[in-house]
Amino acid sequence: MNEWLDPLLLSRWQFGLTTVYHFLFVPLTIGLALTVAIFQTAWVRTDKAKYLQLTHFFGKIFLINFAMGVVTGIVQEFQFGMNWSDYSRFVGDVFGAPLAFEGIVAFFLEATFVGLWIFGWDKLPKKIHLATIWLTAIGSIASAYFILAANAFMQNPIAYTINEEKGRAELTSIWELLTNPIALAAFPHTIFACFMVSAGLIISVAAWHLYRNQHLDTMRPALKFGLWMMVIAGVLTTLAGDQLGLAMVEAQPMKMAAAEALYHTATGANASFSIFTLGTPDGVHELFSVRVPYLLSFLSTHTFDGTVEGINNLQSQYVTLYGPGDYTPTIWITYWAFRWMIGLGLAHMLVAVVGLWLTRKGRSPKRTWVWKVAIWSFPFSLLAMSVGWVFTEMGRQPWLVFGMLKTEDGVSPGVSGVEILISLIAFTLLYGILAVVEFRLILKAVQKGPDDAPVPDAESGAVTHAATVY
């Protein structure tokens, strides 16, 4: 029973729960902000009503998701003081800097202009109003960068010095911190993946309406847009992920070794990538696998004869560097999270490629299962991003800040397991209720579909149709 009331274990579960839950809203917010901006730009440039209808339609979904993301994000930040006070005291001077930028610069930009966008339809000129949604999209992307920069410090700590007298890390260069190689590599990979999530929603929503033969004038172009967005964003995500992999190998070679469950250092053909593996319960011995020779070597070094260090070798190095201890993450989690991330992302890209082929030259698929695949494929990219973050964070264990602070040393010393368990149960119930509310609101908006085409004023361009009221 005492194991289940371990403050460290419960604190990790609580932060993991709130982080993964909050992250369900983040990629959709970022991707939909840009999507709505593109649709509104198309309306301003062409004056075609279908683009205005799509702007309002996906704008409603964006706002529902945005509101829920703000609520869950605030709760997440409270935990740094609640459950991880030793971590906050030790690295708060460094870790808090990009978070301060995110709040003061990016979030204020995002929140201010999304308000102007909501209430400015019949009060601002068309082009000024268009600028507000673009600034909202820029703010959401900037917000993501600052958060990724903070996380990058945990993966690859730089731009700090240890103040021995105060027993904490202190920032030495904000510019160096914000240009952390991990942040520079993770940012495009994450943002392009967010666009995949947004594209997945568009594909599913458009397919749902087209399957029912309704809102054809708006949903046909929406489907085409979503399919192309998925393919383009998917390719860019893959290319950016390759660069992130190189940066990861440089900063955390153990994470790449854990992603492949590679226990012994390998070179060239022996450094193969296993698509699927069955092993002993401890993961040390392989029973069966499907492998691609040289691929792990190429992913890790961009050469076919490069050397990839194994878990056992790295464990020995870390014992020498950091003292006795187990520096191996949970292998089965890192191994399968890495493959689910890749597999789900590629599956969604495949859905889009097939969709483009089936809808070429204005064609419409006749088979029911085609539409159902498109409709139910939405979670693919979202789940891929979620398990990607699980891989990123679990692959860093046992470190909270790699090479500096172990996870067990960052938990709040004055908080009991019972207190954390109570808050964990409360958060879980609250988030469950919010999930139901979010799902029903979005489902209602999706099923209703776009409103009738609003009629802009000929002189001012202001929109007076009731559909502009959110």
# chains A, B, ... in the order shown; residues from 1 in each chain; ligands from 1
$ select_by_dssp --residues "region 116-287 of chain A" --states "strand (DSSP E)" --output "list in words"
Tyr160, Thr161, Ile162, Asn163, Arg168, Ala169, Glu170, Leu171, Ala266, Thr267, Phe273, Ser274, Ile275, Phe276, Thr277, Leu278, Gly279, Glu286 and Leu287 of chain A
$ write_last_selection --atoms "N, CA and C atoms" --output "compact mmCIF listing (two decimals), in the first residue's frame"
# COMPACT_ATOMS: atom_id res chain seq x y z
N TYR A 160 23.62 28.13 -18.19
CA TYR A 160 23.42 28.25 -16.75
C TYR A 160 24.77 28.10 -16.03
N THR A 161 24.78 28.53 -14.80
CA THR A 161 25.89 28.27 -13.90
C THR A 161 25.32 27.88 -12.55
N ILE A 162 26.02 27.07 -11.81
CA ILE A 162 25.55 26.64 -10.49
C ILE A 162 26.07 27.59 -9.42
N ASN A 163 25.16 28.20 -8.69
CA ASN A 163 25.51 29.04 -7.55
C ASN A 163 25.61 28.13 -6.32
N ARG A 168 21.58 26.50 -6.39
CA ARG A 168 20.62 26.53 -7.49
C ARG A 168 21.34 26.88 -8.80
N ALA A 169 20.66 26.60 -9.91
CA ALA A 169 21.17 26.97 -11.23
C ALA A 169 20.69 28.38 -11.57
N GLU A 170 21.57 29.17 -12.18
CA GLU A 170 21.23 30.55 -12.53
C GLU A 170 21.51 30.78 -14.01
N LEU A 171 20.64 31.54 -14.63
CA LEU A 171 20.73 31.80 -16.07
C LEU A 171 21.93 32.69 -16.39
N ALA A 266 26.34 -0.97 -31.75
CA ALA A 266 26.29 -1.59 -33.08
C ALA A 266 26.76 -0.60 -34.14
N THR A 267 27.24 -1.17 -35.25
CA THR A 267 27.74 -0.36 -36.35
C THR A 267 27.23 -0.91 -37.66
N PHE A 273 17.18 -1.14 -37.68
CA PHE A 273 15.98 -0.61 -37.02
C PHE A 273 14.91 -1.69 -37.03
N SER A 274 14.40 -2.03 -35.86
CA SER A 274 13.39 -3.07 -35.78
C SER A 274 12.00 -2.46 -35.88
N ILE A 275 11.25 -2.88 -36.88
CA ILE A 275 9.88 -2.41 -37.04
C ILE A 275 8.98 -3.06 -36.00
N PHE A 276 9.28 -4.31 -35.68
CA PHE A 276 8.49 -5.05 -34.70
C PHE A 276 9.40 -6.06 -34.00
N THR A 277 9.26 -6.16 -32.67
CA THR A 277 10.12 -7.07 -31.91
C THR A 277 9.34 -7.76 -30.80
N LEU A 278 9.62 -9.03 -30.60
CA LEU A 278 9.16 -9.77 -29.43
C LEU A 278 10.39 -10.19 -28.65
N GLY A 279 10.35 -9.96 -27.32
CA GLY A 279 11.50 -10.30 -26.51
C GLY A 279 11.10 -10.90 -25.19
N GLU A 286 16.16 -10.85 -27.38
CA GLU A 286 15.21 -10.79 -28.49
C GLU A 286 14.82 -12.20 -28.94
N LEU A 287 13.52 -12.41 -29.12
CA LEU A 287 13.02 -13.70 -29.58
C LEU A 287 12.70 -13.68 -31.07
$ closest_atom_pairs --of "region 407-449 of chain A" --to "region 49-56 of chain A" --cutoff "12 Å" --atoms "only C-alpha atoms" --output "JSON lines"
{"residue": "A:Ala445", "atom": "CA", "partner": "A:His56", "partner_atom": "CA", "distance": 10.7}
{"residue": "A:Val446", "atom": "CA", "partner": "A:Leu54", "partner_atom": "CA", "distance": 11.5}
{"residue": "A:Gly449", "atom": "CA", "partner": "A:Leu54", "partner_atom": "CA", "distance": 9.3}
$ select_by_dssp --residues "region 88-312 of chain A" --states "helix (DSSP H, G or I)" --output "number ranges by chain"
A: 88-119, 126-155, 174-178, 181-211, 216-251, 253-260, 268-270, 295-301, 311-312
$ residues_around --residues "Ser412 (chain A)" --least-positions-apart "4" --cutoff "7 Å" --atoms "only C-alpha atoms" --output "PDB file with C-alpha atoms, in the first residue's frame"
ATOM      1  CA  ASN A  83       4.442  18.813  -6.305  1.00  0.00           C
ATOM      2  CA  TRP A  84       7.803  19.888  -7.706  1.00  0.00           C
ATOM      3  CA  SER A  85       8.991  22.678  -5.426  1.00  0.00           C
ATOM      4  CA  ASP A  86      12.576  21.365  -5.148  1.00  0.00           C
TER       5      ASP A  86
END
$ closest_residue --among "A:Leu424, A:Glu164, A:Thr46, A:Val235" --to "Phe192 (chain A)" --atoms "only C-alpha atoms"
A:Val235
$ decode --residues "region 20-41 of chain A" --atoms "C-alpha atoms" --output "mmCIF file, in the first residue's frame"
data_model
loop_
_atom_site.group_PDB
_atom_site.id
_atom_site.type_symbol
_atom_site.label_atom_id
_atom_site.label_comp_id
_atom_site.auth_asym_id
_atom_site.auth_seq_id
_atom_site.Cartn_x
_atom_site.Cartn_y
_atom_site.Cartn_z
ATOM 1 C CA VAL A 20 -1.035 14.704 -21.716
ATOM 2 C CA TYR A 21 -4.597 15.934 -21.180
ATOM 3 C CA HIS A 22 -3.614 19.571 -21.730
ATOM 4 C CA PHE A 23 -1.631 18.602 -24.800
ATOM 5 C CA LEU A 24 -4.750 17.189 -26.441
ATOM 6 C CA PHE A 25 -5.896 20.794 -26.957
ATOM 7 C CA VAL A 26 -2.563 22.442 -27.813
ATOM 8 C CA PRO A 27 -1.901 21.042 -31.325
ATOM 9 C CA LEU A 28 -5.498 21.607 -32.393
ATOM 10 C CA THR A 29 -5.382 25.211 -31.179
ATOM 11 C CA ILE A 30 -2.139 25.917 -33.034
ATOM 12 C CA GLY A 31 -3.230 24.169 -36.213
ATOM 13 C CA LEU A 32 -6.759 25.602 -36.281
ATOM 14 C CA ALA A 33 -5.538 29.165 -35.671
ATOM 15 C CA LEU A 34 -3.514 28.974 -38.874
ATOM 16 C CA THR A 35 -6.312 27.142 -40.704
ATOM 17 C CA VAL A 36 -8.890 29.806 -39.829
ATOM 18 C CA ALA A 37 -6.429 32.535 -40.838
ATOM 19 C CA ILE A 38 -5.919 30.872 -44.235
ATOM 20 C CA PHE A 39 -9.666 30.499 -44.850
ATOM 21 C CA GLN A 40 -10.310 34.115 -43.872
ATOM 22 C CA THR A 41 -7.468 35.272 -46.126
#
